[in-house]
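A.B. asks: Got a file for you: coords29.csv, CSV, C-alpha atoms and all ligand atoms.
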chain,number,residue,atom,x,y,z
A,1,MET,CA,-44.1,-95.5,-151.0
A,2,LEU,CA,-42.7,-95.3,-147.5
A,3,ALA,CA,-40.5,-98.3,-146.5
A,4,VAL,CA,-40.5,-98.7,-142.7
A,5,ARG,CA,-37.8,-100.8,-140.9
A,6,PRO,CA,-36.0,-100.9,-137.6
A,7,PHE,CA,-33.1,-98.5,-137.1
A,8,ALA,CA,-29.6,-99.8,-138.0
A,9,ILE,CA,-26.5,-98.3,-136.5
A,10,ALA,CA,-25.5,-97.1,-140.0
A,11,ASP,CA,-28.5,-94.8,-139.8
A,12,THR,CA,-27.1,-92.8,-136.9
A,13,GLN,CA,-25.9,-89.7,-138.6
A,14,ALA,CA,-29.0,-89.5,-140.9
A,15,VAL,CA,-31.4,-89.9,-138.0
A,16,ILE,CA,-29.6,-87.2,-135.9
A,17,ALA,CA,-29.6,-84.9,-139.0
A,18,LEU,CA,-33.3,-85.4,-139.4
A,19,TRP,CA,-34.0,-84.7,-135.7
A,20,GLU,CA,-31.9,-81.5,-135.9
A,21,GLU,CA,-33.7,-80.4,-139.1
A,22,CYS,CA,-37.0,-80.9,-137.3
A,23,GLY,CA,-35.9,-79.1,-134.1
A,24,LEU,CA,-36.1,-82.1,-131.8
A,25,THR,CA,-32.7,-82.0,-130.3
A,26,ARG,CA,-32.0,-80.3,-127.0
A,27,PRO,CA,-28.7,-79.3,-125.4
A,28,TRP,CA,-29.4,-81.5,-122.4
A,29,ASN,CA,-30.2,-84.6,-124.4
A,30,SER,CA,-27.4,-86.2,-126.4
A,31,PRO,CA,-29.0,-87.8,-129.4
A,32,GLN,CA,-26.0,-90.2,-129.8
A,33,ARG,CA,-26.5,-91.4,-126.2
A,34,ASP,CA,-30.2,-91.6,-126.6
A,35,ILE,CA,-29.7,-93.8,-129.6
A,36,LEU,CA,-27.2,-96.1,-127.8
A,37,ARG,CA,-29.6,-96.4,-124.8
A,38,LYS,CA,-32.5,-97.2,-127.1
A,39,LEU,CA,-30.5,-100.0,-128.7
A,40,THR,CA,-30.4,-101.7,-125.3
A,41,THR,CA,-34.1,-102.0,-124.9
A,42,GLN,CA,-36.9,-102.7,-127.4
A,43,ALA,CA,-34.6,-101.7,-130.3
A,44,ASP,CA,-37.1,-103.2,-132.7
A,45,LEU,CA,-39.4,-100.3,-131.8
A,46,PHE,CA,-36.9,-97.7,-133.0
A,47,LEU,CA,-38.2,-97.3,-136.5
A,48,VAL,CA,-37.1,-95.4,-139.6
A,49,GLY,CA,-38.9,-94.7,-142.8
A,50,GLU,CA,-37.2,-94.5,-146.2
A,51,TRP,CA,-38.5,-92.7,-149.3
A,52,ASP,CA,-36.7,-93.5,-152.5
A,53,GLY,CA,-33.9,-95.0,-150.4
A,54,GLU,CA,-33.5,-91.8,-148.4
A,55,LEU,CA,-34.1,-91.8,-144.6
A,56,VAL,CA,-37.0,-89.3,-144.2
A,57,ALA,CA,-38.8,-90.4,-140.9
A,58,ALA,CA,-37.7,-91.7,-137.5
A,59,SER,CA,-39.1,-92.4,-134.1
A,60,MET,CA,-38.4,-94.2,-130.9
A,61,ALA,CA,-41.4,-96.2,-129.4
A,62,SER,CA,-41.7,-98.5,-126.5
A,63,TYR,CA,-44.3,-100.5,-124.5
A,64,ASP,CA,-43.7,-100.8,-120.8
A,65,GLY,CA,-46.5,-103.3,-120.1
A,66,HIS,CA,-49.0,-100.6,-119.3
A,67,ARG,CA,-48.6,-97.8,-121.9
A,68,GLY,CA,-46.9,-97.3,-125.2
A,69,TRP,CA,-44.7,-94.2,-125.6
A,70,ILE,CA,-43.5,-92.4,-128.7
A,71,TYR,CA,-40.5,-90.1,-128.8
A,72,TYR,CA,-38.4,-88.3,-131.4
A,73,PHE,CA,-41.1,-88.5,-134.1
A,74,ALA,CA,-40.0,-86.6,-137.1
A,75,VAL,CA,-40.6,-86.4,-140.9
A,76,ALA,CA,-38.2,-84.6,-143.2
A,77,LEU,CA,-39.3,-81.0,-143.8
A,78,ARG,CA,-39.5,-81.4,-147.6
A,79,LEU,CA,-42.0,-84.3,-147.2
A,80,GLN,CA,-44.2,-82.8,-144.5
A,81,ARG,CA,-47.9,-82.3,-145.1
A,82,GLN,CA,-48.0,-85.1,-147.6
A,83,GLY,CA,-49.3,-87.9,-145.4
A,84,VAL,CA,-45.9,-89.4,-144.6
A,85,GLY,CA,-46.3,-88.8,-140.8
A,86,ARG,CA,-49.7,-90.4,-140.7
A,87,GLU,CA,-48.4,-93.5,-142.6
A,88,PHE,CA,-45.3,-93.7,-140.5
A,89,TYR,CA,-47.3,-93.3,-137.3
A,90,GLN,CA,-49.6,-96.2,-138.3
A,91,HIS,CA,-46.7,-98.6,-138.5
A,92,ILE,CA,-45.8,-97.7,-134.9
A,93,GLU,CA,-49.4,-98.0,-133.7
A,94,ASP,CA,-49.8,-101.4,-135.4
A,95,ARG,CA,-46.6,-102.7,-133.7
A,96,LEU,CA,-47.7,-101.5,-130.3
A,97,LEU,CA,-51.2,-102.9,-130.7
A,98,ALA,CA,-49.7,-106.2,-131.7
A,99,LEU,CA,-47.9,-106.3,-128.4
A,100,GLY,CA,-51.2,-105.8,-126.5
A,101,CYS,CA,-50.6,-102.1,-125.8
A,102,PRO,CA,-53.9,-100.5,-124.7
A,103,LYS,CA,-53.0,-96.8,-124.9
A,104,ILE,CA,-50.2,-94.7,-126.3
A,105,ASN,CA,-48.9,-91.6,-124.5
A,106,LEU,CA,-46.6,-88.9,-125.8
A,107,GLN,CA,-45.4,-85.5,-124.8
A,108,VAL,CA,-45.8,-82.4,-127.0
A,109,ARG,CA,-44.5,-79.0,-126.0
A,110,SER,CA,-47.6,-76.9,-125.1
A,111,ASP,CA,-46.6,-74.1,-127.6
A,112,ASN,CA,-46.1,-76.6,-130.5
A,113,HIS,CA,-49.6,-76.2,-132.0
A,114,ALA,CA,-48.8,-77.7,-135.4
A,115,VAL,CA,-47.7,-81.0,-133.8
A,116,GLN,CA,-50.8,-81.0,-131.5
A,117,ALA,CA,-52.9,-80.7,-134.7
A,118,PHE,CA,-51.1,-83.6,-136.2
A,119,TYR,CA,-51.7,-85.9,-133.2
A,120,ARG,CA,-55.3,-84.8,-132.9
A,121,SER,CA,-55.8,-85.8,-136.5
A,122,LEU,CA,-54.5,-89.3,-135.5
A,123,GLY,CA,-57.1,-89.5,-132.7
A,124,PHE,CA,-55.0,-88.3,-129.7
A,125,GLY,CA,-56.6,-86.2,-127.0
A,126,VAL,CA,-55.2,-84.1,-124.2
A,127,ASP,CA,-55.0,-86.0,-120.9
A,128,ALA,CA,-55.8,-84.3,-117.7
A,129,ALA,CA,-52.3,-85.0,-116.4
A,130,LEU,CA,-49.2,-83.0,-115.6
A,131,SER,CA,-46.0,-84.4,-117.2
A,132,MET,CA,-43.3,-84.6,-114.5
A,133,GLY,CA,-39.7,-85.8,-114.9
A,134,LYS,CA,-36.5,-86.4,-112.9
A,135,ARG,CA,-33.2,-86.6,-114.6
A,136,LEU,CA,-31.0,-89.5,-113.4
A,137,ILE,CA,-28.1,-89.2,-115.8
A,138,ALA,CA,-26.8,-85.9,-117.1
A,139,ASP,CA,-25.7,-86.1,-120.8
A,140,ASP,CA,-23.3,-83.1,-120.8
A,201,LIG,C1,-45.4,-83.6,-136.8
A,201,LIG,C2,-44.9,-84.2,-138.1
A,201,LIG,C3,-44.2,-85.5,-137.8
A,201,LIG,C4,-46.1,-84.4,-139.0
A,201,LIG,O1,-45.7,-85.1,-140.2
A,201,LIG,P1,-46.3,-84.9,-141.6
A,201,LIG,O2,-45.8,-85.9,-142.5
A,201,LIG,O3,-46.2,-83.5,-142.0
A,201,LIG,O4,-47.9,-85.2,-141.3
A,201,LIG,P2,-49.0,-85.6,-142.3
A,201,LIG,O5,-48.8,-85.0,-143.6
A,201,LIG,O6,-49.2,-87.1,-142.2
A,201,LIG,O7,-50.3,-84.9,-141.6
A,201,LIG,C5,-51.5,-85.6,-141.2
A,201,LIG,C6,-52.4,-84.6,-140.6
A,201,LIG,O8,-51.9,-84.0,-139.4
A,201,LIG,C7,-52.3,-82.6,-139.4
A,201,LIG,N1,-51.1,-81.7,-139.5
A,201,LIG,C8,-49.9,-82.1,-139.8
A,201,LIG,N2,-49.0,-81.1,-139.8
A,201,LIG,C9,-49.8,-80.0,-139.4
A,201,LIG,C10,-49.5,-78.6,-139.3
A,201,LIG,N3,-48.2,-78.1,-139.4
A,201,LIG,N4,-50.5,-77.8,-138.9
A,201,LIG,C11,-51.8,-78.2,-138.8
A,201,LIG,N5,-52.1,-79.6,-139.0
A,201,LIG,C12,-51.1,-80.4,-139.3
A,201,LIG,C13,-53.3,-82.4,-140.6
A,201,LIG,O9,-54.6,-82.7,-140.2
A,201,LIG,C14,-52.7,-83.4,-141.6
A,201,LIG,O10,-53.7,-83.8,-142.5
A,201,LIG,P3,-53.8,-82.9,-143.9
A,201,LIG,O11,-52.5,-82.6,-144.4
A,201,LIG,O12,-54.6,-83.8,-144.8
A,201,LIG,O13,-54.6,-81.7,-143.4
A,201,LIG,C15,-43.9,-83.3,-138.8
A,201,LIG,O14,-44.5,-82.0,-138.9
A,201,LIG,C16,-42.6,-83.1,-138.0
A,201,LIG,O15,-41.7,-83.8,-138.2
A,201,LIG,N6,-42.6,-82.0,-137.2
A,201,LIG,C17,-41.3,-81.6,-136.5
A,201,LIG,C18,-40.9,-82.6,-135.5
A,201,LIG,C19,-41.9,-82.7,-134.3
A,201,LIG,O16,-42.2,-81.6,-133.7
A,201,LIG,N7,-42.3,-83.9,-133.9
A,201,LIG,C20,-43.2,-84.1,-132.8
A,201,LIG,C21,-42.4,-84.4,-131.6
A,201,LIG,S1,-43.5,-84.6,-130.2
Reformat the file's structure so that it appears as structure tokens.

C.D. replies:
Amino acid sequence: MLAVRPFAIADTQAVIALWEECGLTRPWNSPQRDILRKLTTQADLFLVGEWDGELVAASMASYDGHRGWIYYFAVALRLQRQGVGREFYQHIEDRLLALGCPKINLQVRSDNHAVQAFYRSLGFGVDAALSMGKRLIADD
């Protein structure tokens, strides 16, 4: 049984360890800073999932009044392919829908075929859009 709740500051190390285990951290993104920033805006959409009291899933979500966004979505390696990701995702979708969010966007690396298969299984399709970004604050 997956217990889903908002992130608490005491989860910080466990969440970062999970993201590292799942290969989601990047040298140019400080996960500590990303967590502190997220706690300043829609912190209730930063969710974690516990299995037998152990933190096994995490993701940051948001709704900007037009689109919902999902970042840093991860499930512990030992529990992958057992339906945990699907269950955890549904909690996020339910919360975004309750806010009136009409569409969820997310970014997946183009060579990450396994994750694309995961999101396709949840009903996501590929948008005809190029993802662009501009860094405003360097983390290093
Ligand atoms: C993506 C991720 C969250 C999926 O979590 P999960 O708990 O393994 O997913 P589920 O077991 O709920 O899978 C649901 C469905 O997604 C699809 N799927 C999931 N992982 C897949 C894979 N590696 N290859 C192909 N299809 C996959 C399947 O259709 C699966 O259903 P099935 O097992 O009945 O065939 C997990 O693999 C993960 O944490 N990956 C590393 C982190 C990452 O890259 N996150 C995405 C950032 S954008």

A.B. asks: Using only C-alpha atoms, determine which residues lie at most 12 Å from Asp139 (chain A), disregarding the query and same-chain residues fewer than 3 positions distant; provide the list as a CSV table (one decimal) with C-alpha atoms, keeping the file's coordinate frame.

C.D. replies:
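Saved the output as around26.csv:
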chain,number,residue,atom,x,y,z
A,26,ARG,CA,-32.0,-80.3,-127.0
A,27,PRO,CA,-28.7,-79.3,-125.4
A,28,TRP,CA,-29.4,-81.5,-122.4
A,29,ASN,CA,-30.2,-84.6,-124.4
A,30,SER,CA,-27.4,-86.2,-126.4
A,31,PRO,CA,-29.0,-87.8,-129.4
A,32,GLN,CA,-26.0,-90.2,-129.8
A,33,ARG,CA,-26.5,-91.4,-126.2
A,34,ASP,CA,-30.2,-91.6,-126.6
A,37,ARG,CA,-29.6,-96.4,-124.8
A,135,ARG,CA,-33.2,-86.6,-114.6
A,136,LEU,CA,-31.0,-89.5,-113.4

A.B. asks: For a cutoff of 12 Å around the file-coordinate point (-51.6, -87.1, -134.2), which residues qualify once you count all atoms listed in the file? I'd like the result as a VMD selection string.

C.D. replies: chain A and resid 70 73 to 74 83 85 to 90 93 104 to 108 113 to 126

A.B. asks: Show which residues sit within 12 Å of Gly53 (chain A), as JSON, numbers by chain. Count only C-alpha atoms, and ignore same-chain residues fewer than 5 positions away.

C.D. replies: {"A": [1, 2, 3, 4, 5, 11, 48]}

A.B. asks: Tell me which of A:Ile92, A:Val75, A:Ala98, A:Met60 sits closest to ligand LIG 201 (chain A), counting all atoms listed in the file.

C.D. replies: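 For ligand LIG 201 (chain A), the nearest of the given residues is A:Val75.
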
A.B. asks: Could you state the separation of CA of Leu97 (chain A) and CA of Ser59 (chain A) in Å, given to one decimal place?

C.D. replies: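 Result for CA of Leu97 (chain A) versus CA of Ser59 (chain A): 16.4 Å, one decimal.
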
A.B. asks: Tell me which of A:Leu96, A:Leu55, A:Leu24, A:Ala128 sits closest to ligand LIG 201 (chain A), counting only C-alpha atoms and all ligand atoms.

C.D. replies: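 Selected residue with least distance to ligand LIG 201 (chain A): A:Leu24.
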
A.B. asks: Enumerate, as a list in words, the protein, DNA and RNA residues whose atoms approach (-49.5, -100.5, -115.5) to within 12 Å, taking into account only C-alpha atoms and the coordinate frame of the file.

C.D. replies: Tyr63, Asp64, Gly65, His66, Arg67, Gly68, Cys101, Pro102 and Lys103 of chain A

A.B. asks: For ligand LIG 201 (chain A), which residue out of A:Asp94, A:Asp111, A:Asp140, A:Asp44 is the nearest one, using only C-alpha atoms and all ligand atoms?

C.D. replies: A:Asp111

A.B. asks: Figure out the distance between CA of Lys134 (chain A) and CA of Gly23 (chain A), please, to one decimal in Å.

C.D. replies: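 Atom-to-atom, CA of Gly23 (chain A) to CA of Lys134 (chain A), that is 22.4 Å.
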
A.B. asks: Kindly indicate which residue among A:Ala61, A:Leu77, A:Ala14, A:Leu36 lies nearest to ligand LIG 201 (chain A), using all atoms listed in the file for the distances.

C.D. replies: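 Going through A:Ala61, A:Leu77, A:Ala14, A:Leu36 one by one, the smallest distance to ligand LIG 201 (chain A) is for A:Leu77.
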
A.B. asks: Pick the closest to ligand LIG 201 (chain A) from A:Trp51, A:Tyr71, A:Phe46, A:Phe7: which is it, counting only C-alpha atoms and all ligand atoms?

C.D. replies: A:Tyr71

A.B. asks: What is the CA of Leu130 (chain A) to atom P3 of ligand LIG 201 (chain A) distance in Å?

C.D. replies: 28.7 Å

A.B. asks: So, counting all atoms listed in the file, which residue among A:Ile137, A:Leu45, A:Val15, A:Leu99 is closest to ligand LIG 201 (chain A)?

C.D. replies: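 So, comparing all the options, the nearest one is A:Val15.
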